[in-house]
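Shown here: input_7.pdb, PDB, C-alpha atoms and all ligand atoms.
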```pdb
ATOM      1  CA  MET A   1       5.269 -15.136   0.010
ATOM      2  CA  ALA A   2       6.737 -11.682  -0.497
ATOM      3  CA  PHE A   3      10.105 -10.769   1.009
ATOM      4  CA  GLU A   4      11.526 -14.294   0.983
ATOM      5  CA  GLY A   5      14.721 -13.324  -0.829
ATOM      6  CA  LEU A   6      15.162 -10.183   1.243
ATOM      7  CA  SER A   7      14.583 -12.045   4.509
ATOM      8  CA  GLU A   8      17.103 -14.724   3.575
ATOM      9  CA  LYS A   9      19.806 -12.238   2.627
ATOM     10  CA  LEU A  10      19.302 -10.116   5.712
ATOM     11  CA  SER A  11      19.368 -13.107   7.973
ATOM     12  CA  ALA A  12      22.629 -14.307   6.358
ATOM     13  CA  ALA A  13      24.212 -10.875   6.918
ATOM     14  CA  PHE A  14      23.060 -10.785  10.545
ATOM     15  CA  LYS A  15      24.247 -14.342  11.182
ATOM     16  CA  ARG A  16      27.761 -13.280  10.193
ATOM     17  CA  LEU A  17      27.502 -10.283  12.525
ATOM     18  CA  ARG A  18      26.328 -12.414  15.432
ATOM     19  CA  SER A  19      29.154 -14.884  14.966
ATOM     20  CA  LYS A  20      31.662 -12.109  15.636
ATOM     21  CA  GLY A  21      30.889 -11.247  19.221
ATOM     22  CA  LYS A  22      32.673  -7.910  19.515
ATOM     23  CA  LEU A  23      32.022  -5.662  16.508
ATOM     24  CA  THR A  24      34.194  -3.041  14.849
ATOM     25  CA  GLU A  25      32.997  -0.158  12.751
ATOM     26  CA  ALA A  26      34.273  -2.046   9.704
ATOM     27  CA  ASP A  27      32.130  -5.066  10.585
ATOM     28  CA  VAL A  28      29.045  -2.864  10.732
ATOM     29  CA  ARG A  29      29.881  -1.180   7.438
ATOM     30  CA  GLN A  30      30.386  -4.567   5.767
ATOM     31  CA  ALA A  31      27.030  -5.823   7.060
ATOM     32  CA  MET A  32      25.353  -2.621   5.865
ATOM     33  CA  ARG A  33      26.795  -3.103   2.391
ATOM     34  CA  GLU A  34      25.095  -6.493   2.363
ATOM     35  CA  VAL A  35      21.847  -4.951   3.614
ATOM     36  CA  ARG A  36      21.983  -2.335   0.873
ATOM     37  CA  LEU A  37      22.489  -5.006  -1.791
ATOM     38  CA  ALA A  38      19.633  -7.071  -0.367
ATOM     39  CA  LEU A  39      17.330  -4.035  -0.493
ATOM     40  CA  LEU A  40      18.302  -3.266  -4.084
ATOM     41  CA  GLU A  41      17.698  -6.869  -5.107
ATOM     42  CA  ALA A  42      14.266  -6.648  -3.470
ATOM     43  CA  ASP A  43      13.621  -3.741  -5.863
ATOM     44  CA  VAL A  44      13.748  -0.981  -3.268
ATOM     45  CA  ASN A  45      14.336   2.440  -4.795
ATOM     46  CA  TYR A  46      18.116   3.041  -4.772
ATOM     47  CA  LYS A  47      17.987   6.439  -3.060
ATOM     48  CA  ILE A  48      15.819   4.990  -0.339
ATOM     49  CA  ALA A  49      18.171   2.029   0.120
ATOM     50  CA  LYS A  50      21.160   4.346   0.375
ATOM     51  CA  GLN A  51      19.499   6.675   2.863
ATOM     52  CA  PHE A  52      18.273   3.739   4.898
ATOM     53  CA  VAL A  53      21.747   2.227   5.186
ATOM     54  CA  ASN A  54      23.260   5.614   6.057
ATOM     55  CA  ASP A  55      20.707   6.137   8.827
ATOM     56  CA  VAL A  56      21.265   2.682  10.305
ATOM     57  CA  THR A  57      25.063   2.998  10.077
ATOM     58  CA  GLU A  58      25.066   6.373  11.780
ATOM     59  CA  ARG A  59      23.123   4.976  14.718
ATOM     60  CA  ALA A  60      24.998   1.652  14.809
ATOM     61  CA  ILE A  61      28.605   2.797  14.895
ATOM     62  CA  GLY A  62      28.088   4.822  18.057
ATOM     63  CA  SER A  63      29.990   3.568  21.115
ATOM     64  CA  ALA A  64      26.766   2.676  22.936
ATOM     65  CA  VAL A  65      26.152  -0.030  20.343
ATOM     66  CA  LEU A  66      29.667  -1.264  19.629
ATOM     67  CA  GLU A  67      30.619  -1.469  23.287
ATOM     68  CA  SER A  68      27.389  -3.047  24.428
ATOM     69  CA  LEU A  69      27.285  -6.691  25.517
ATOM     70  CA  THR A  70      25.248  -7.749  22.479
ATOM     71  CA  PRO A  71      26.331  -5.438  19.661
ATOM     72  CA  ALA A  72      24.946  -7.570  16.817
ATOM     73  CA  GLN A  73      21.583  -7.701  18.547
ATOM     74  CA  GLN A  74      21.620  -3.917  18.902
ATOM     75  CA  VAL A  75      22.366  -3.465  15.203
ATOM     76  CA  ILE A  76      19.492  -5.756  14.238
ATOM     77  CA  LYS A  77      17.193  -3.841  16.565
ATOM     78  CA  ILE A  78      18.162  -0.596  14.840
ATOM     79  CA  VAL A  79      17.464  -2.161  11.427
ATOM     80  CA  ASN A  80      14.057  -3.246  12.703
ATOM     81  CA  GLU A  81      13.241   0.239  14.007
ATOM     82  CA  GLU A  82      14.419   1.947  10.829
ATOM     83  CA  LEU A  83      12.466  -0.483   8.614
ATOM     84  CA  THR A  84       9.355   0.287  10.640
ATOM     85  CA  ALA A  85       9.983   4.028  10.340
ATOM     86  CA  LEU A  86      10.582   3.666   6.593
ATOM     87  CA  MET A  87       7.094   2.199   6.194
ATOM     88  CA  GLY A  88       5.534   5.029   8.182
ATOM     89  CA  GLY A  89       5.944   3.872  11.785
ATOM     90  CA  GLU A  90       2.375   3.754  12.969
ATOM     91  CA  GLN A  91      -0.503   1.968  11.293
ATOM     92  CA  SER A  92      -2.466   4.432   9.182
ATOM     93  CA  ARG A  93      -6.219   3.984   9.301
ATOM     94  CA  ILE A  94      -9.165   5.089   7.212
ATOM     95  CA  ARG A  95     -10.462   8.495   8.280
ATOM     96  CA  TYR A  96     -14.198   8.241   8.572
ATOM     97  CA  ALA A  97     -16.246  11.360   7.904
ATOM     98  CA  SER A  98     -17.807  12.932  10.977
ATOM     99  CA  LYS A  99     -21.028  13.121   9.004
ATOM    100  CA  PRO A 100     -21.677   9.931   6.986
ATOM    101  CA  PRO A 101     -21.432   8.753   4.330
ATOM    102  CA  THR A 102     -17.657   8.486   4.214
ATOM    103  CA  VAL A 103     -16.687   8.644   0.552
ATOM    104  CA  ILE A 104     -13.747   6.515  -0.564
ATOM    105  CA  LEU A 105     -12.455   6.920  -4.105
ATOM    106  CA  LEU A 106     -10.462   3.956  -5.366
ATOM    107  CA  CYS A 107      -8.168   4.561  -8.294
ATOM    108  CA  GLY A 108      -5.351   2.734  -9.995
ATOM    109  CA  LEU A 109      -4.166   1.143 -13.199
ATOM    110  CA  GLN A 110      -6.065  -1.644 -14.910
ATOM    111  CA  GLY A 111      -5.306  -5.029 -13.401
ATOM    112  CA  SER A 112      -3.962  -3.599 -10.148
ATOM    113  CA  GLY A 113      -6.790  -5.264  -8.233
ATOM    114  CA  LYS A 114      -9.061  -2.245  -7.861
ATOM    115  CA  THR A 115     -12.424  -3.952  -8.297
ATOM    116  CA  THR A 116     -11.425  -6.895  -6.111
ATOM    117  CA  HIS A 117     -10.212  -4.532  -3.398
ATOM    118  CA  ALA A 118     -13.337  -2.372  -3.565
ATOM    119  CA  ALA A 119     -15.243  -5.487  -2.540
ATOM    120  CA  LYS A 120     -12.625  -6.579   0.010
ATOM    121  CA  LEU A 121     -12.786  -3.178   1.652
ATOM    122  CA  ALA A 122     -16.597  -3.191   1.610
ATOM    123  CA  LEU A 123     -16.671  -6.659   3.160
ATOM    124  CA  SER A 124     -14.240  -5.743   5.936
ATOM    125  CA  MET A 125     -16.278  -2.624   6.744
ATOM    126  CA  LYS A 126     -19.497  -4.608   6.717
ATOM    127  CA  LYS A 127     -17.923  -6.986   9.230
ATOM    128  CA  GLN A 128     -17.234  -3.938  11.420
ATOM    129  CA  GLY A 129     -20.948  -3.176  11.412
ATOM    130  CA  LYS A 130     -20.930  -0.524   8.707
ATOM    131  CA  ARG A 131     -23.304  -0.305   5.771
ATOM    132  CA  PRO A 132     -21.171   0.204   2.679
ATOM    133  CA  LEU A 133     -22.347   0.872  -0.858
ATOM    134  CA  LEU A 134     -20.203   0.093  -3.894
ATOM    135  CA  ALA A 135     -20.528   2.241  -6.999
ATOM    136  CA  ALA A 136     -19.514   1.296 -10.536
ATOM    137  CA  CYS A 137     -17.799   4.313 -12.084
ATOM    138  CA  ASP A 138     -15.669   2.264 -14.486
ATOM    139  CA  VAL A 139     -17.902   2.732 -17.496
ATOM    140  CA  TYR A 140     -15.517   1.882 -20.308
ATOM    141  CA  ARG A 141     -15.571  -1.866 -19.973
ATOM    142  CA  PRO A 142     -19.074  -3.335 -19.658
ATOM    143  CA  ALA A 143     -17.399  -6.318 -17.981
ATOM    144  CA  ALA A 144     -16.144  -4.051 -15.201
ATOM    145  CA  ILE A 145     -19.669  -3.220 -14.025
ATOM    146  CA  LYS A 146     -20.620  -6.878 -14.125
ATOM    147  CA  GLN A 147     -17.446  -7.788 -12.212
ATOM    148  CA  LEU A 148     -18.257  -5.305  -9.453
ATOM    149  CA  GLN A 149     -21.779  -6.710  -9.233
ATOM    150  CA  VAL A 150     -20.391 -10.227  -8.911
ATOM    151  CA  VAL A 151     -17.901  -9.375  -6.145
ATOM    152  CA  GLY A 152     -20.444  -7.099  -4.456
ATOM    153  CA  GLU A 153     -22.897  -9.988  -4.300
ATOM    154  CA  LYS A 154     -20.206 -12.265  -2.897
ATOM    155  CA  ALA A 155     -19.484  -9.695  -0.206
ATOM    156  CA  GLY A 156     -23.192  -9.159   0.437
ATOM    157  CA  VAL A 157     -22.841  -5.445  -0.311
ATOM    158  CA  PRO A 158     -25.180  -3.477  -2.623
ATOM    159  CA  VAL A 159     -23.795  -2.120  -5.884
ATOM    160  CA  PHE A 160     -24.949   1.131  -7.462
ATOM    161  CA  GLU A 161     -24.650   1.310 -11.245
ATOM    162  CA  GLN A 162     -26.088   3.314 -14.102
ATOM    163  CA  GLY A 163     -24.556   1.427 -17.002
ATOM    164  CA  GLN A 164     -22.081   3.169 -19.227
ATOM    165  CA  GLY A 165     -23.013   6.781 -18.574
ATOM    166  CA  ASP A 166     -20.874   9.710 -17.429
ATOM    167  CA  PRO A 167     -18.742   8.551 -14.475
ATOM    168  CA  VAL A 168     -18.912  11.974 -12.797
ATOM    169  CA  LYS A 169     -22.712  11.960 -12.878
ATOM    170  CA  ILE A 170     -22.783   8.344 -11.702
ATOM    171  CA  ALA A 171     -20.513   9.211  -8.750
ATOM    172  CA  LYS A 172     -22.831  12.072  -7.765
ATOM    173  CA  ALA A 173     -25.922   9.899  -8.149
ATOM    174  CA  ALA A 174     -24.255   7.200  -6.051
ATOM    175  CA  LEU A 175     -23.631   9.737  -3.292
ATOM    176  CA  HIS A 176     -27.308  10.761  -3.320
ATOM    177  CA  HIS A 177     -28.303   7.115  -3.281
ATOM    178  CA  ALA A 178     -26.010   6.431  -0.304
ATOM    179  CA  LYS A 179     -27.526   9.347   1.609
ATOM    180  CA  ASP A 180     -31.078   8.342   0.751
ATOM    181  CA  HIS A 181     -30.580   4.711   1.729
ATOM    182  CA  GLY A 182     -28.582   5.149   4.913
ATOM    183  CA  SER A 183     -25.282   3.799   3.573
ATOM    184  CA  ASP A 184     -22.504   5.096   5.793
ATOM    185  CA  VAL A 185     -19.614   4.347   3.437
ATOM    186  CA  LEU A 186     -19.561   4.870  -0.316
ATOM    187  CA  ILE A 187     -16.765   3.132  -2.215
ATOM    188  CA  LEU A 188     -16.291   4.298  -5.794
ATOM    189  CA  ASP A 189     -14.657   1.895  -8.236
ATOM    190  CA  THR A 190     -13.186   3.966 -11.062
ATOM    191  CA  ALA A 191     -11.730   3.188 -14.469
ATOM    192  CA  GLY A 192      -8.178   1.984 -14.780
ATOM    193  CA  ARG A 193      -5.905   2.429 -17.773
ATOM    194  CA  LEU A 194      -2.832   0.585 -18.899
ATOM    195  CA  HIS A 195      -0.671   3.536 -17.913
ATOM    196  CA  VAL A 196      -1.064   6.909 -16.228
ATOM    197  CA  ASP A 197      -2.597   9.202 -18.857
ATOM    198  CA  GLU A 198      -4.138  12.638 -18.971
ATOM    199  CA  ALA A 199      -7.673  11.466 -19.734
ATOM    200  CA  LEU A 200      -7.672   9.100 -16.760
ATOM    201  CA  MET A 201      -6.332  11.749 -14.410
ATOM    202  CA  ASP A 202      -8.714  14.364 -15.717
ATOM    203  CA  GLU A 203     -11.714  12.128 -15.136
ATOM    204  CA  LEU A 204     -10.534  11.310 -11.602
ATOM    205  CA  LYS A 205     -10.058  14.999 -10.857
ATOM    206  CA  ARG A 206     -13.605  15.702 -11.983
ATOM    207  CA  ILE A 207     -14.991  12.872  -9.847
ATOM    208  CA  LYS A 208     -12.939  14.185  -6.917
ATOM    209  CA  ALA A 209     -14.360  17.687  -7.367
ATOM    210  CA  ALA A 210     -17.909  16.345  -7.674
ATOM    211  CA  VAL A 211     -18.026  14.123  -4.575
ATOM    212  CA  GLU A 212     -15.184  15.477  -2.367
ATOM    213  CA  PRO A 213     -13.930  12.095  -1.128
ATOM    214  CA  ASP A 214     -12.790  11.662   2.477
ATOM    215  CA  GLU A 215     -10.194   9.178   1.289
ATOM    216  CA  ILE A 216      -8.551   8.742  -2.081
ATOM    217  CA  LEU A 217      -6.892   5.347  -2.053
ATOM    218  CA  LEU A 218      -4.604   4.240  -4.827
ATOM    219  CA  VAL A 219      -4.522   0.530  -5.568
ATOM    220  CA  VAL A 220      -1.094  -0.648  -6.720
ATOM    221  CA  ASP A 221       0.212  -4.069  -7.614
ATOM    222  CA  ALA A 222       3.215  -5.033  -5.465
ATOM    223  CA  MET A 223       4.424  -7.397  -8.190
ATOM    224  CA  THR A 224       5.321  -4.404 -10.362
ATOM    225  CA  GLY A 225       7.986  -3.259  -7.891
ATOM    226  CA  GLN A 226       9.455   0.154  -8.647
ATOM    227  CA  ASP A 227       6.768   0.794 -11.264
ATOM    228  CA  ALA A 228       4.216   0.608  -8.462
ATOM    229  CA  VAL A 229       6.102   3.335  -6.649
ATOM    230  CA  ASN A 230       6.323   5.480  -9.792
ATOM    231  CA  VAL A 231       2.583   5.097 -10.354
ATOM    232  CA  ALA A 232       1.963   6.134  -6.748
ATOM    233  CA  SER A 233       4.134   9.231  -7.224
ATOM    234  CA  SER A 234       2.298  10.247 -10.391
ATOM    235  CA  PHE A 235      -1.163   9.808  -8.898
ATOM    236  CA  ASN A 236      -0.131  11.658  -5.780
ATOM    237  CA  GLU A 237       1.314  14.592  -7.723
ATOM    238  CA  VAL A 238      -1.622  14.991 -10.070
ATOM    239  CA  LEU A 239      -4.595  13.909  -7.982
ATOM    240  CA  GLY A 240      -3.396  13.903  -4.377
ATOM    241  CA  ILE A 241      -3.894  10.583  -2.623
ATOM    242  CA  ASP A 242      -4.424   9.756   1.048
ATOM    243  CA  GLY A 243      -2.968   6.300   1.011
ATOM    244  CA  VAL A 244      -2.208   3.144  -0.884
ATOM    245  CA  ILE A 245      -3.654  -0.343  -1.006
ATOM    246  CA  LEU A 246      -0.757  -2.597  -1.927
ATOM    247  CA  THR A 247      -2.087  -5.724  -3.620
ATOM    248  CA  LYS A 248      -0.728  -9.159  -4.472
ATOM    249  CA  LEU A 249       1.677  -9.264  -1.556
ATOM    250  CA  ASP A 250       0.978 -12.985  -1.488
ATOM    251  CA  GLY A 251       2.751 -13.511  -4.796
ATOM    252  CA  ASP A 252       6.468 -13.961  -5.308
ATOM    253  CA  THR A 253       6.922 -10.208  -5.308
ATOM    254  CA  ARG A 254      10.279  -9.024  -4.058
ATOM    255  CA  GLY A 255       8.559  -6.582  -1.744
ATOM    256  CA  GLY A 256      10.437  -3.423  -2.678
ATOM    257  CA  ALA A 257       7.249  -1.448  -3.215
ATOM    258  CA  ALA A 258       6.144  -2.058   0.371
ATOM    259  CA  LEU A 259       9.390  -0.532   1.563
ATOM    260  CA  SER A 260       9.579   2.403  -0.858
ATOM    261  CA  VAL A 261       6.026   3.737  -1.293
ATOM    262  CA  ARG A 262       5.880   5.733   1.923
ATOM    263  CA  ALA A 263       9.376   7.154   1.655
ATOM    264  CA  VAL A 264       9.001   8.171  -2.002
ATOM    265  CA  THR A 265       5.459   9.546  -1.927
ATOM    266  CA  GLY A 266       5.034  10.536   1.725
ATOM    267  CA  LYS A 267       1.733   8.653   1.701
ATOM    268  CA  PRO A 268       1.110   5.576   3.841
ATOM    269  CA  ILE A 269       0.161   2.075   2.792
ATOM    270  CA  LYS A 270      -3.162   1.533   4.530
ATOM    271  CA  PHE A 271      -3.992  -2.004   3.455
ATOM    272  CA  ALA A 272      -2.263  -5.019   1.971
ATOM    273  CA  GLY A 273      -3.991  -7.442  -0.377
ATOM    274  CA  THR A 274      -2.818 -10.966   0.226
ATOM    275  CA  GLY A 275      -4.853 -13.149  -2.116
ATOM    276  CA  GLU A 276      -7.724 -13.407  -4.562
ATOM    277  CA  LYS A 277     -10.373 -14.191  -1.965
ATOM    278  CA  LEU A 278     -12.468 -11.370  -0.543
ATOM    279  CA  ASP A 279     -11.170 -11.755   2.973
ATOM    280  CA  ASP A 280      -7.550 -11.598   1.856
ATOM    281  CA  LEU A 281      -7.132  -8.019   3.064
ATOM    282  CA  GLU A 282      -5.001  -6.878   5.993
ATOM    283  CA  PRO A 283      -4.567  -3.469   7.585
ATOM    284  CA  PHE A 284      -0.926  -2.577   6.937
ATOM    285  CA  HIS A 285       1.158  -2.591  10.118
ATOM    286  CA  PRO A 286       4.691  -1.244   9.514
ATOM    287  CA  GLU A 287       6.020  -2.838  12.687
ATOM    288  CA  ARG A 288       4.639  -6.278  11.949
ATOM    289  CA  MET A 289       5.847  -6.040   8.381
ATOM    290  CA  ALA A 290       9.369  -5.157   9.550
ATOM    291  CA  SER A 291       9.371  -8.112  11.942
ATOM    292  CA  ARG A 292       8.152 -10.378   9.162
ATOM    293  CA  ILE A 293      10.978  -9.208   6.906
ATOM    294  CA  LEU A 294      13.563  -9.758   9.623
ATOM    295  CA  GLY A 295      12.098 -13.216  10.276
TER     296      GLY A 295
HETATM  297  P1  LIG A 301      -8.734  -4.051 -11.682
HETATM  298  O1  LIG A 301      -8.583  -4.136 -13.175
HETATM  299  O2  LIG A 301      -7.754  -3.109 -11.098
HETATM  300  O3  LIG A 301     -10.119  -3.817 -11.217
HETATM  301  O4  LIG A 301      -8.230  -5.484 -11.103
HETATM  302  P2  LIG A 301      -9.070  -6.738 -10.628
HETATM  303  O5  LIG A 301      -9.719  -6.479  -9.325
HETATM  304  O6  LIG A 301      -9.916  -7.225 -11.748
HETATM  305  O7  LIG A 301      -7.884  -7.770 -10.351
HETATM  306  C1  LIG A 301      -7.014  -8.222 -11.387
HETATM  307  C2  LIG A 301      -6.583  -9.656 -11.073
HETATM  308  O8  LIG A 301      -5.758  -9.682  -9.909
HETATM  309  C3  LIG A 301      -7.734 -10.594 -10.778
HETATM  310  O9  LIG A 301      -7.467 -11.839 -11.387
HETATM  311  C4  LIG A 301      -7.733 -10.724  -9.261
HETATM  312  O10 LIG A 301      -8.249 -11.956  -8.818
HETATM  313  C5  LIG A 301      -6.254 -10.612  -8.965
HETATM  314  N1  LIG A 301      -5.972 -10.073  -7.616
HETATM  315  C6  LIG A 301      -6.472  -8.947  -7.046
HETATM  316  N2  LIG A 301      -5.966  -8.755  -5.834
HETATM  317  C7  LIG A 301      -5.112  -9.787  -5.595
HETATM  318  C8  LIG A 301      -4.250 -10.141  -4.488
HETATM  319  O11 LIG A 301      -4.146  -9.464  -3.448
HETATM  320  N3  LIG A 301      -3.510 -11.281  -4.649
HETATM  321  C9  LIG A 301      -3.576 -12.041  -5.765
HETATM  322  N4  LIG A 301      -2.813 -13.146  -5.839
HETATM  323  N5  LIG A 301      -4.353 -11.716  -6.820
HETATM  324  C10 LIG A 301      -5.113 -10.623  -6.737
END
```
Output the file's structure as structure tokens, nothing else.
Ligand code: GDP
Amino acid sequence: MAFEGLSEKLSAAFKRLRSKGKLTEADVRQAMREVRLALLEADVNYKIAKQFVNDVTERAIGSAVLESLTPAQQVIKIVNEELTALMGGEQSRIRYASKPPTVILLCGLQGSGKTTHAAKLALSMKKQGKRPLLAACDVYRPAAIKQLQVVGEKAGVPVFEQGQGDPVKIAKAALHHAKDHGSDVLILDTAGRLHVDEALMDELKRIKAAVEPDEILLVVDAMTGQDAVNVASSFNEVLGIDGVILTKLDGDTRGGAALSVRAVTGKPIKFAGTGEKLDDLEPFHPERMASRILG
């Protein structure tokens, strides 16, 4: 599971703090050096790690903490609160359109888990009583359309496709289809590339202009660490995103992306993918995630 290394290192640092009873400013600074190292080893962006440690230290070396009866406990509580804040504080939900269908554009690099997560999202919405429609706008790989049909069938959600035509026209046609057939959510699966390139961004911009999505969600692979965060920054700058689906958090990822995405891009992680099965999708709760990291 993600965060194992980080959790272990943090808990070792906090154990040393707890064993001290009374704490000095130097004790706190030493512990925070260990926290900073643990964050860097978990692949957290170095500026974020530095800022994080500065924020915690500033709050922790105040007299209210050091002179309290349980200073170590207070420091850990501050770390917990700051970790939660780093990931956005509150859970960030999907914004449904006041007039359906809600249009959700999924984008991301190839292999990030886009198609799988289109179906996961559709399935979770279906379970909430919604009537989602999936649309195949990844026209470059014939296998991609087939793959969406396969996962759509597994999820019991209809899939709109027009073969390998123009993805902008397909997106528009899918929107008409959703309206005509009473689908209240339209999830567009778009083409991924091996890296962020102009053609990919241009196509996404044209789809965005054509269907005016309520949510643009970027799917990023947590295993790629800082690269995931860089990808999120690029997509946000060029396309503007509303949130991130962070996938493969079940793997042996070091977890840095989960901690950095929000702080670097300003955009929240809305969902976490935790496996290959279609119900391996969790709404992202910063507070629960912080508690999980702190063990
Ligand atoms: P796309 O190219 O972005 O559409 O990516 P796919 O949806 O085809 O996923 C790429 C691979 O990652 C597939 O083998 C998926 O089964 C796998 N995958 C997707 N999401 C997850 C996840 O949350 N956890 C794990 N372990 N594997 C995942």
Checklist entry - For the file shown, what are the residues hit by the PyMOL selection byres (((chain A and resi 130) around 12) and not hetatm), laid out as a VMD selection string? => result chain A and resid 96 100 to 102 121 to 129 131 to 133 157 182 to 186
Checklist entry - From the list A:Glu198, A:Glu34, A:Asp27, A:Asp279, which residue is nearest Ala13 of chain A when using only C-alpha atoms? => result A:Glu34
Checklist entry - Excluding same-chain residues fewer than 6 positions from Val211 of chain A, what lies within 9 Å of it counting all atoms listed in the file, as a list in words? => result Val103, Val168, Ala171, Lys172 and Leu175 of chain A
Checklist outcome for this item: Of A:Val264, A:Val159, A:Val244, A:Ala85, the one nearest to Arg288 of chain A when counting only C-alpha atoms is A:Ala85
Next on the checklist: Taking only C-alpha atoms and all ligand atoms and a cut-off of 6 Å, can you tell me which residues surround ligand LIG 301 (chain A), written as a PyMOL selection string?
Outcome noted: chain A and resi 109-116+247-248+250-251+273-276
Go ahead and dump the residues you just picked, C-alpha atoms, as a compact mmCIF listing (two decimals), in the frame of the given file.
```txt
# COMPACT_ATOMS: atom_id res chain seq x y z
CA LEU A 109 -4.17 1.14 -13.20
CA GLN A 110 -6.06 -1.64 -14.91
CA GLY A 111 -5.31 -5.03 -13.40
CA SER A 112 -3.96 -3.60 -10.15
CA GLY A 113 -6.79 -5.26 -8.23
CA LYS A 114 -9.06 -2.24 -7.86
CA THR A 115 -12.42 -3.95 -8.30
CA THR A 116 -11.42 -6.90 -6.11
CA THR A 247 -2.09 -5.72 -3.62
CA LYS A 248 -0.73 -9.16 -4.47
CA ASP A 250 0.98 -12.98 -1.49
CA GLY A 251 2.75 -13.51 -4.80
CA GLY A 273 -3.99 -7.44 -0.38
CA THR A 274 -2.82 -10.97 0.23
CA GLY A 275 -4.85 -13.15 -2.12
CA GLU A 276 -7.72 -13.41 -4.56
```
Item to check | Spatial neighbours of segment 233-239 of chain A, max dist 10 Å, only C-alpha atoms, sep filter under 2 positions, as a count of residues only | outcome: 27
Item to check | Length of the atom CA of Leu294 of chain A to atom CA of Ile245 of chain A vector [Å] | outcome: 22.3 Å
Next on the checklist: Under the rule that only C-alpha atoms are counted, which of A:Leu23, A:Leu6, A:Cys137, A:Ala49 is the nearest residue to Ala290 of chain A?
Outcome noted: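 Among the listed residues, A:Leu6 lies closest to Ala290 of chain A.
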Checklist entry - Residues picked by the PyMOL selection byres (((chain A and resi 145) around 10) and not hetatm) here, as a VMD selection string? => result chain A and resid 115 135 to 144 146 to 150 159 to 164 189
Checklist outcome for this item: Closest of A:Val79, A:Leu10, A:Ile207, A:Leu200 to Pro167 of chain A, counting all atoms listed in the file, is A:Ile207
Checklist entry - Hey, can you check how far atom CA of Lys22 of chain A sits from atom CA of Val65 of chain A? => result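 Separation between atom CA of Lys22 of chain A and atom CA of Val65 of chain A: 10.3 Å.
Under the PyMOL selection byres (((chain A and resi 25) around 12) and not hetatm), the matching residues in the shown file are Leu17, Lys22, Leu23, Thr24, Ala26, Asp27, Val28, Arg29, Gln30, Ala31, Met32, Thr57, Glu58, Arg59, Ala60, Ile61, Gly62, Ser63, Val65, Leu66, Glu67, Pro71, Ala72 and Val75 of chain A.
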